[in-house]
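Shown here: query_24.txt, compact mmCIF, C-alpha atoms.
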# COMPACT_ATOMS: atom_id res chain seq x y z
CA ARG T 215 -0.88 -5.85 19.12
CA SER T 216 -2.14 -7.75 22.21
CA ARG T 217 1.01 -9.85 22.21
CA VAL T 218 3.89 -10.28 24.65
CA PHE T 219 7.44 -9.83 23.37
CA GLY T 220 10.52 -11.04 25.25
CA TYR T 221 14.00 -9.58 24.66
CA ASN T 222 17.46 -10.18 26.07
CA GLU T 223 19.77 -7.47 27.39
CA ASP T 224 21.06 -6.79 23.87
CA HIS T 225 17.49 -6.03 22.73
CA GLU T 226 17.36 -9.19 20.62
CA LEU T 227 13.98 -10.88 20.31
CA LEU T 228 13.64 -14.13 22.26
CA PHE T 229 9.95 -15.03 22.00
CA ILE T 230 6.44 -13.81 21.17
CA PHE T 231 3.17 -15.22 22.42
CA GLY T 232 -0.47 -14.23 22.72
CA GLY T 233 -2.61 -12.22 20.33
CA PRO T 234 -5.99 -10.45 20.19
CA GLY T 235 -8.99 -12.60 21.13
CA ASP T 236 -11.04 -14.18 23.88
CA ARG T 237 -9.59 -17.67 23.61
CA GLU T 238 -7.17 -19.18 26.08
CA GLY T 239 -3.70 -17.75 25.63
CA TYR T 240 -5.00 -14.58 23.94
CA PHE T 241 -5.59 -11.09 25.32
CA ARG T 242 -8.05 -8.25 24.90
CA ASN T 243 -5.78 -5.52 26.27
CA PRO T 244 -2.60 -6.66 28.04
CA VAL T 245 -1.19 -3.79 30.11
CA ASP T 246 1.58 -5.39 32.16
CA ALA T 247 3.70 -8.54 32.34
CA CYS T 248 6.38 -9.88 34.65
CA PHE T 249 8.37 -13.00 35.54
CA VAL T 250 7.64 -14.81 38.79
CA ASP T 251 10.16 -17.61 39.13
CA GLU T 252 9.72 -19.69 35.96
CA LYS T 253 6.25 -18.32 35.15
CA ILE T 254 5.11 -15.26 33.20
CA LEU T 255 2.18 -13.25 34.53
CA VAL T 256 0.18 -11.03 32.15
CA LEU T 257 -2.44 -8.53 33.33
CA ASP T 258 -5.38 -7.95 30.96
CA SER T 259 -7.33 -4.75 31.77
CA LEU T 260 -10.36 -5.38 29.55
CA ALA T 261 -10.75 -9.01 30.53
CA GLN T 262 -9.99 -8.04 34.14
CA SER T 263 -7.85 -11.13 34.48
CA LEU T 264 -4.37 -12.20 35.42
CA GLU T 265 -3.08 -14.86 33.03
CA ILE T 266 -0.31 -17.21 34.20
CA PHE T 267 1.93 -18.94 31.66
CA SER T 268 4.40 -21.75 32.35
CA GLN T 269 7.51 -22.17 30.26
CA THR T 270 7.75 -25.01 27.78
CA GLN T 271 10.86 -27.20 27.53
CA TYR T 272 12.04 -24.93 24.73
CA GLY T 273 11.40 -21.81 26.80
CA GLN T 274 13.26 -23.23 29.79
CA ALA T 275 16.33 -24.07 27.69
CA LEU T 276 16.20 -20.63 26.07
CA MET T 277 16.01 -18.74 29.37
CA ARG T 278 18.74 -20.86 30.99
CA ALA T 279 21.02 -20.18 28.03
CA VAL T 280 20.41 -16.43 28.22
CA ARG T 281 21.05 -16.30 31.97
CA ALA T 282 24.20 -18.43 31.72
CA GLN T 283 25.61 -16.37 28.85
CA TYR T 284 25.17 -13.08 30.70
CA ALA T 285 26.76 -14.65 33.77
CA TYR T 286 29.82 -15.53 31.58
CA GLN T 287 29.15 -19.26 32.05
CA TYR T 288 29.76 -20.00 28.40
CA GLU T 289 30.06 -23.77 28.60
CA ASP T 290 26.73 -24.09 30.41
CA ALA T 291 25.18 -21.61 27.99
CA ALA T 292 26.41 -23.64 25.01
CA GLN T 293 24.71 -26.79 26.33
CA ASP T 294 21.41 -24.96 26.83
CA TRP T 295 21.69 -23.29 23.42
CA GLN T 296 22.25 -26.71 21.89
CA GLN T 297 19.10 -28.03 23.57
CA ALA T 298 17.09 -25.03 22.41
CA LEU T 299 18.50 -25.44 18.90
CA SER T 300 17.36 -29.08 18.80
CA LEU T 301 13.80 -27.81 19.39
CA ASN T 302 14.04 -24.85 17.04
CA HIS T 303 16.52 -25.12 14.16
CA ASN T 304 15.83 -21.52 13.13
CA LEU T 305 17.02 -20.01 16.41
CA PHE T 306 19.81 -17.72 15.24
CA LEU T 307 20.66 -16.70 18.80
CA ALA T 308 21.52 -20.33 19.56
CA TYR T 309 24.02 -20.49 16.70
CA SER T 310 25.52 -17.22 17.89
CA GLY T 311 25.66 -18.37 21.52
CA ILE T 312 27.35 -21.67 20.64
CA GLY T 313 29.76 -19.83 18.35
CA ARG T 314 30.75 -17.41 21.10
CA ALA T 315 31.33 -20.29 23.50
CA ARG T 316 33.56 -22.06 20.97
CA LEU T 317 35.46 -18.83 20.33
CA ARG T 318 36.18 -18.49 24.03
CA ALA T 319 37.25 -22.15 24.19
CA GLY T 320 39.76 -21.64 21.35
CA ASP T 321 37.85 -23.57 18.67
CA TYR T 322 38.05 -20.76 16.15
CA ASP T 323 37.06 -22.80 13.07
CA GLY T 324 33.98 -24.19 14.82
CA ALA T 325 33.17 -20.71 16.13
CA MET T 326 33.25 -19.25 12.61
CA GLU T 327 30.84 -21.91 11.36
CA TYR T 328 28.24 -21.27 14.07
CA LEU T 329 28.66 -17.48 14.10
CA LYS T 330 28.13 -17.37 10.35
CA GLN T 331 24.89 -19.32 10.68
CA GLY T 332 23.82 -17.03 13.51
CA GLY T 333 24.57 -13.88 11.53
CA ASP T 334 26.82 -12.60 14.34
CA ARG T 335 29.20 -10.39 12.35
CA GLU T 336 30.98 -8.85 15.32
CA TYR T 337 32.13 -12.14 16.84
CA TYR T 338 32.60 -13.76 13.42
CA ASP T 339 35.21 -11.07 12.67
CA LYS T 340 36.94 -11.87 15.96
CA ALA T 341 37.05 -15.60 15.16
CA TYR T 342 38.23 -14.87 11.61
CA GLU T 343 41.05 -12.70 12.95
CA LYS T 344 42.16 -15.53 15.24
CA VAL T 345 42.16 -18.03 12.35
CA ARG T 346 44.03 -15.60 10.09
CA ASN T 347 46.71 -14.91 12.71
CA ARG T 348 47.11 -18.64 13.38
CA ASN T 349 47.54 -19.40 9.69
CA MET T 350 50.01 -16.55 9.26
CA ARG T 351 52.11 -17.81 12.17
CA ALA T 352 52.06 -21.33 10.75
CA ALA T 353 53.18 -20.11 7.32
CA PHE T 354 55.73 -17.57 8.55
CA VAL T 355 58.65 -19.88 9.35
CA PRO T 356 58.43 -21.95 6.11
CA SER T 357 58.16 -18.72 4.11
CA VAL T 358 61.20 -17.19 5.79
CA ILE T 359 63.19 -20.40 5.31
CA GLY T 360 62.21 -20.47 1.63
CA VAL T 361 63.27 -16.85 1.08
CA PHE T 362 66.48 -17.45 3.02
CA ALA T 363 67.27 -20.50 0.89
CA LEU T 364 66.71 -18.51 -2.33
CA ILE T 365 69.01 -15.70 -1.14
CA VAL T 366 71.76 -18.15 -0.19
CA LEU T 367 71.37 -19.96 -3.50
CA ALA T 368 71.68 -16.68 -5.37
CA ALA T 369 74.77 -15.77 -3.35
CA VAL T 370 76.38 -19.16 -4.06
CA ILE T 371 75.64 -18.85 -7.77
CA ARG T 372 77.15 -15.37 -7.78
CA LEU T 373 80.25 -16.62 -5.98
CA ALA T 374 80.57 -19.52 -8.41
CA TYR T 375 80.28 -17.11 -11.33
CA PHE T 376 83.19 -14.96 -10.09
CA ASN T 377 85.25 -18.08 -9.37
CA VAL T 378 84.82 -19.20 -12.98
CA GLN T 379 85.66 -15.72 -14.19
CA GLU T 380 88.83 -15.72 -12.07
CA ILE T 381 89.88 -19.14 -13.36
CA ASN T 382 89.44 -17.96 -16.95
CA ARG T 383 91.37 -14.76 -16.26
CA GLU T 384 94.28 -16.67 -14.72
CA ARG T 385 94.43 -18.93 -17.78
CA GLU T 386 94.52 -15.96 -20.13
CA ASP T 387 96.53 -13.36 -18.20
CA GLY T 388 98.20 -15.28 -15.39
CA GLY T 389 99.14 -13.82 -12.02
CA MET T 390 97.14 -13.28 -8.87
CA ARG T 391 94.62 -10.49 -8.29
CA ALA T 392 95.24 -7.82 -5.71
CA TYR T 393 91.54 -7.79 -4.89
CA TYR T 394 88.42 -9.69 -5.97
CA GLU T 395 85.31 -8.11 -7.43
CA GLY T 396 81.92 -9.19 -6.16
CA LEU T 397 83.05 -10.65 -2.85
CA PRO T 398 81.67 -7.83 -0.62
CA VAL T 399 78.23 -8.13 -2.24
CA THR T 400 78.33 -11.90 -2.03
CA SER T 401 79.37 -11.80 1.61
CA SER T 402 76.57 -9.36 2.40
CA ALA T 403 74.07 -11.58 0.62
CA LEU T 404 75.12 -14.43 2.89
CA ILE T 405 75.47 -12.52 6.16
CA MET T 406 72.35 -10.30 6.03
CA PRO T 407 69.77 -13.12 5.85
CA ILE T 408 71.48 -14.91 8.74
CA VAL T 409 71.42 -11.79 10.91
CA ILE T 410 67.81 -10.98 9.99
CA MET T 411 66.68 -14.56 10.66
CA ALA T 412 68.40 -14.52 14.05
CA GLY T 413 66.75 -11.20 14.89
CA VAL T 414 63.29 -12.45 13.95
CA ILE T 415 63.70 -15.61 16.03
CA ALA T 416 64.97 -13.56 18.98
CA HIS T 417 62.10 -11.03 18.52
CA VAL T 418 64.53 -8.13 18.05
CA ARG T 419 63.03 -4.98 16.53
CA TRP T 420 63.94 -4.24 12.91
CA THR T 421 65.30 -0.80 13.90
CA TYR T 422 68.07 -2.65 15.78
CA ILE T 423 68.66 -5.34 13.15
CA TYR T 424 69.13 -2.95 10.21
CA PRO T 425 72.21 -1.09 11.59
CA ILE T 426 73.80 -4.40 12.56
CA THR T 427 73.45 -5.80 9.05
CA LEU T 428 74.93 -2.64 7.59
Please lay out the structure from this file as structure tokens.
Amino acid sequence: RSRVFGYNEDHELLFIFGGPGDREGYFRNPVDACFVDEKILVLDSLAQSLEIFSQTQYGQALMRAVRAQYAYQYEDAAQDWQQALSLNHNLFLAYSGIGRARLRAGDYDGAMEYLKQGGDREYYDKAYEKVRNRNMRAAFVPSVIGVFALIVLAAVIRLAYFNVQEINREREDGGMRAYYEGLPVTSSALIMPIVIMAGVIAHVRWTYIYPITL
């Protein structure tokens, strides 16, 4: 009651000042308030006065940051948020504003840190998604190579097994085989990973790769 509340366009609280009383900076019954340039004018009906307030250094940094952010000037907003944060370490909007600026600049890890401190879940999720996708892309190629190497190793072991079996058979029975068991499966085990790897690198859809491998 008898106080002035300031909000941004997202209905988030920016500042509060005033209070009931007759002292300087207090009001008996404030009925209207408005910005005039950098000053705030408050009309008090009971005191029949018009109070004029100038912004402090903190207030100036805060208002510049808000204006810059809503004008999509994120780098300028981040600088003003940083200044406001140096004067008020509990300003959650500053952490959120800096985090959003870092997200837009591509610093996803730094963005996550600031957005977490600012309690900005919406943009934290966006930064987290960027970090997750980056890590998945970084791990994809080594993972595919590892799986490919295991498949080839298994195919080679299988081929070696049938070679040993054939050598033993020739020693016992003699003569040449008309056909060899296991070779089609072994060949498929070697060919399919190569085709799939080539398709992934060339960004070919799996619906096209599968018939080719068959």
Find the residues around T:Arg215 up to 12 Å (all atoms listed in the file counted), leave out those fewer than 3 positions away in its own chain, and share them as a PDB file with C-alpha atoms, keeping the file's coordinate frame.
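Listed below is the output, selection_18.pdb:
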ATOM      1  CA  VAL T 218       3.890 -10.280  24.650  1.00  0.00           C
ATOM      2  CA  PHE T 219       7.440  -9.830  23.370  1.00  0.00           C
ATOM      3  CA  ILE T 230       6.440 -13.810  21.170  1.00  0.00           C
ATOM      4  CA  PHE T 231       3.170 -15.220  22.420  1.00  0.00           C
ATOM      5  CA  GLY T 232      -0.470 -14.230  22.720  1.00  0.00           C
ATOM      6  CA  GLY T 233      -2.610 -12.220  20.330  1.00  0.00           C
ATOM      7  CA  PRO T 234      -5.990 -10.450  20.190  1.00  0.00           C
ATOM      8  CA  GLY T 235      -8.990 -12.600  21.130  1.00  0.00           C
ATOM      9  CA  TYR T 240      -5.000 -14.580  23.940  1.00  0.00           C
ATOM     10  CA  PHE T 241      -5.590 -11.090  25.320  1.00  0.00           C
ATOM     11  CA  ARG T 242      -8.050  -8.250  24.900  1.00  0.00           C
ATOM     12  CA  ASN T 243      -5.780  -5.520  26.270  1.00  0.00           C
ATOM     13  CA  PRO T 244      -2.600  -6.660  28.040  1.00  0.00           C
ATOM     14  CA  VAL T 245      -1.190  -3.790  30.110  1.00  0.00           C
TER      15      VAL T 245
END
*What is the distance, in Å and to one decimal place, between atom CA of T:Leu264 and atom CA of T:Arg217?*
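Separating atom CA of T:Leu264 from atom CA of T:Arg217 is a distance of 14.5 Å.
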*For T:Glu265, which residue out of T:Glu252, T:Leu301, T:Arg281, T:Glu238 is the nearest one, using all atoms listed in the file?*
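Once distances to T:Glu265 are computed over all atoms listed in the file, the minimum belongs to T:Glu238.
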_Report, in Å to a single decimal, how far apart atom CA of T:Asp334 and atom CA of T:Gly220 are._
19.7 Å
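One distance worth recording is that between atom CA of T:Glu327 and atom CA of T:Met277, which is 23.5 Å.
Of the listed residues T:Phe267, T:Glu226, T:Glu336, T:Ser310, the one whose atoms come nearest to T:Gly324 is T:Ser310, with distances taken using all atoms listed in the file.
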_Neighbouring residues of T:Val250 were defined as those with any atom within 12 Å, considering all atoms listed in the file; residues of the same chain fewer than 2 positions away were excluded. Please report them as a list in words._
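Result of the neighbour search: Ala247, Cys248, Glu252, Lys253, Ile254, Leu255, Val256, Ile266, Phe267, Ser268 and Gln269 of chain T.
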*Just give me the residues with any atom within 12 Å of (35.8, -19.7, 23.7), file coordinates, counting all atoms listed in the file, written as a ChimeraX atom specification.*
/T:283,286-289,291-292,311-326,337,340-341,344
Mind completing stretch 365-376 of chain T with all heavy atoms? Output as a PDB file, in the coordinates of the input, please?
ATOM      1  N   ILE T 365      67.929 -16.703  -1.236  1.00  0.00           N
ATOM      2  CA  ILE T 365      69.010 -15.700  -1.140  1.00  0.00           C
ATOM      3  C   ILE T 365      70.366 -16.379  -1.093  1.00  0.00           C
ATOM      4  O   ILE T 365      71.321 -15.962  -1.769  1.00  0.00           O
ATOM      5  CB  ILE T 365      68.786 -14.809   0.093  1.00  0.00           C
ATOM      6  CG1 ILE T 365      67.520 -13.966  -0.087  1.00  0.00           C
ATOM      7  CG2 ILE T 365      69.989 -13.910   0.332  1.00  0.00           C
ATOM      8  CD1 ILE T 365      67.146 -13.161   1.137  1.00  0.00           C
ATOM      9  N   VAL T 366      70.487 -17.429  -0.286  1.00  0.00           N
ATOM     10  CA  VAL T 366      71.760 -18.150  -0.190  1.00  0.00           C
ATOM     11  C   VAL T 366      72.118 -18.782  -1.516  1.00  0.00           C
ATOM     12  O   VAL T 366      73.285 -18.748  -1.944  1.00  0.00           O
ATOM     13  CB  VAL T 366      71.672 -19.219   0.928  1.00  0.00           C
ATOM     14  CG1 VAL T 366      72.908 -20.114   0.907  1.00  0.00           C
ATOM     15  CG2 VAL T 366      71.534 -18.546   2.292  1.00  0.00           C
ATOM     16  N   LEU T 367      71.105 -19.357  -2.194  1.00  0.00           N
ATOM     17  CA  LEU T 367      71.370 -19.960  -3.500  1.00  0.00           C
ATOM     18  C   LEU T 367      71.871 -18.926  -4.494  1.00  0.00           C
ATOM     19  O   LEU T 367      72.828 -19.180  -5.249  1.00  0.00           O
ATOM     20  CB  LEU T 367      70.089 -20.624  -4.017  1.00  0.00           C
ATOM     21  CG  LEU T 367      70.173 -21.277  -5.402  1.00  0.00           C
ATOM     22  CD1 LEU T 367      71.205 -22.402  -5.390  1.00  0.00           C
ATOM     23  CD2 LEU T 367      68.815 -21.801  -5.837  1.00  0.00           C
ATOM     24  N   ALA T 368      71.232 -17.740  -4.478  1.00  0.00           N
ATOM     25  CA  ALA T 368      71.680 -16.680  -5.370  1.00  0.00           C
ATOM     26  C   ALA T 368      73.103 -16.247  -5.046  1.00  0.00           C
ATOM     27  O   ALA T 368      73.916 -15.992  -5.952  1.00  0.00           O
ATOM     28  CB  ALA T 368      70.720 -15.492  -5.272  1.00  0.00           C
ATOM     29  N   ALA T 369      73.414 -16.165  -3.751  1.00  0.00           N
ATOM     30  CA  ALA T 369      74.770 -15.770  -3.350  1.00  0.00           C
ATOM     31  C   ALA T 369      75.795 -16.814  -3.784  1.00  0.00           C
ATOM     32  O   ALA T 369      76.894 -16.476  -4.253  1.00  0.00           O
ATOM     33  CB  ALA T 369      74.811 -15.587  -1.830  1.00  0.00           C
ATOM     34  N   VAL T 370      75.467 -18.083  -3.657  1.00  0.00           N
ATOM     35  CA  VAL T 370      76.380 -19.160  -4.060  1.00  0.00           C
ATOM     36  C   VAL T 370      76.601 -19.132  -5.564  1.00  0.00           C
ATOM     37  O   VAL T 370      77.730 -19.303  -6.061  1.00  0.00           O
ATOM     38  CB  VAL T 370      75.837 -20.522  -3.595  1.00  0.00           C
ATOM     39  CG1 VAL T 370      76.665 -21.658  -4.199  1.00  0.00           C
ATOM     40  CG2 VAL T 370      75.857 -20.610  -2.074  1.00  0.00           C
ATOM     41  N   ILE T 371      75.511 -18.920  -6.319  1.00  0.00           N
ATOM     42  CA  ILE T 371      75.640 -18.850  -7.770  1.00  0.00           C
ATOM     43  C   ILE T 371      76.519 -17.674  -8.174  1.00  0.00           C
ATOM     44  O   ILE T 371      77.374 -17.781  -9.070  1.00  0.00           O
ATOM     45  CB  ILE T 371      74.238 -18.726  -8.426  1.00  0.00           C
ATOM     46  CG1 ILE T 371      73.447 -20.023  -8.217  1.00  0.00           C
ATOM     47  CG2 ILE T 371      74.351 -18.396  -9.911  1.00  0.00           C
ATOM     48  CD1 ILE T 371      72.019 -19.951  -8.684  1.00  0.00           C
ATOM     49  N   ARG T 372      76.321 -16.544  -7.487  1.00  0.00           N
ATOM     50  CA  ARG T 372      77.150 -15.370  -7.780  1.00  0.00           C
ATOM     51  C   ARG T 372      78.617 -15.643  -7.484  1.00  0.00           C
ATOM     52  O   ARG T 372      79.507 -15.285  -8.268  1.00  0.00           O
ATOM     53  CB  ARG T 372      76.652 -14.184  -6.933  1.00  0.00           C
ATOM     54  CG  ARG T 372      77.437 -12.909  -7.127  1.00  0.00           C
ATOM     55  CD  ARG T 372      76.916 -11.822  -6.195  1.00  0.00           C
ATOM     56  NE  ARG T 372      77.742 -10.636  -6.279  1.00  0.00           N
ATOM     57  CZ  ARG T 372      77.595  -9.674  -7.179  1.00  0.00           C
ATOM     58  NH1 ARG T 372      76.637  -9.775  -8.076  1.00  0.00           N
ATOM     59  NH2 ARG T 372      78.389  -8.620  -7.183  1.00  0.00           N
ATOM     60  N   LEU T 373      78.871 -16.290  -6.345  1.00  0.00           N
ATOM     61  CA  LEU T 373      80.250 -16.620  -5.980  1.00  0.00           C
ATOM     62  C   LEU T 373      80.861 -17.583  -6.985  1.00  0.00           C
ATOM     63  O   LEU T 373      82.025 -17.433  -7.389  1.00  0.00           O
ATOM     64  CB  LEU T 373      80.274 -17.226  -4.570  1.00  0.00           C
ATOM     65  CG  LEU T 373      81.652 -17.560  -4.004  1.00  0.00           C
ATOM     66  CD1 LEU T 373      82.513 -16.294  -3.920  1.00  0.00           C
ATOM     67  CD2 LEU T 373      81.528 -18.214  -2.638  1.00  0.00           C
ATOM     68  N   ALA T 374      80.076 -18.561  -7.419  1.00  0.00           N
ATOM     69  CA  ALA T 374      80.570 -19.520  -8.410  1.00  0.00           C
ATOM     70  C   ALA T 374      80.887 -18.828  -9.727  1.00  0.00           C
ATOM     71  O   ALA T 374      81.888 -19.144 -10.400  1.00  0.00           O
ATOM     72  CB  ALA T 374      79.534 -20.622  -8.629  1.00  0.00           C
ATOM     73  N   TYR T 375      80.044 -17.852 -10.088  1.00  0.00           N
ATOM     74  CA  TYR T 375      80.280 -17.110 -11.330  1.00  0.00           C
ATOM     75  C   TYR T 375      81.626 -16.397 -11.290  1.00  0.00           C
ATOM     76  O   TYR T 375      82.424 -16.460 -12.243  1.00  0.00           O
ATOM     77  CB  TYR T 375      79.142 -16.112 -11.557  1.00  0.00           C
ATOM     78  CG  TYR T 375      79.397 -15.121 -12.650  1.00  0.00           C
ATOM     79  CD1 TYR T 375      79.246 -15.468 -13.990  1.00  0.00           C
ATOM     80  CD2 TYR T 375      79.814 -13.822 -12.345  1.00  0.00           C
ATOM     81  CE1 TYR T 375      79.502 -14.558 -14.997  1.00  0.00           C
ATOM     82  CE2 TYR T 375      80.066 -12.901 -13.351  1.00  0.00           C
ATOM     83  CZ  TYR T 375      79.905 -13.279 -14.674  1.00  0.00           C
ATOM     84  OH  TYR T 375      80.151 -12.370 -15.675  1.00  0.00           O
ATOM     85  N   PHE T 376      81.920 -15.694 -10.192  1.00  0.00           N
ATOM     86  CA  PHE T 376      83.190 -14.960 -10.090  1.00  0.00           C
ATOM     87  C   PHE T 376      84.369 -15.920  -9.994  1.00  0.00           C
ATOM     88  O   PHE T 376      85.477 -15.598 -10.451  1.00  0.00           O
ATOM     89  CB  PHE T 376      83.155 -14.016  -8.893  1.00  0.00           C
ATOM     90  CG  PHE T 376      82.409 -12.742  -9.172  1.00  0.00           C
ATOM     91  CD1 PHE T 376      81.127 -12.549  -8.705  1.00  0.00           C
ATOM     92  CD2 PHE T 376      82.992 -11.747  -9.935  1.00  0.00           C
ATOM     93  CE1 PHE T 376      80.449 -11.375  -8.972  1.00  0.00           C
ATOM     94  CE2 PHE T 376      82.318 -10.565 -10.207  1.00  0.00           C
ATOM     95  CZ  PHE T 376      81.037 -10.377  -9.727  1.00  0.00           C
TER      96      PHE T 376
END
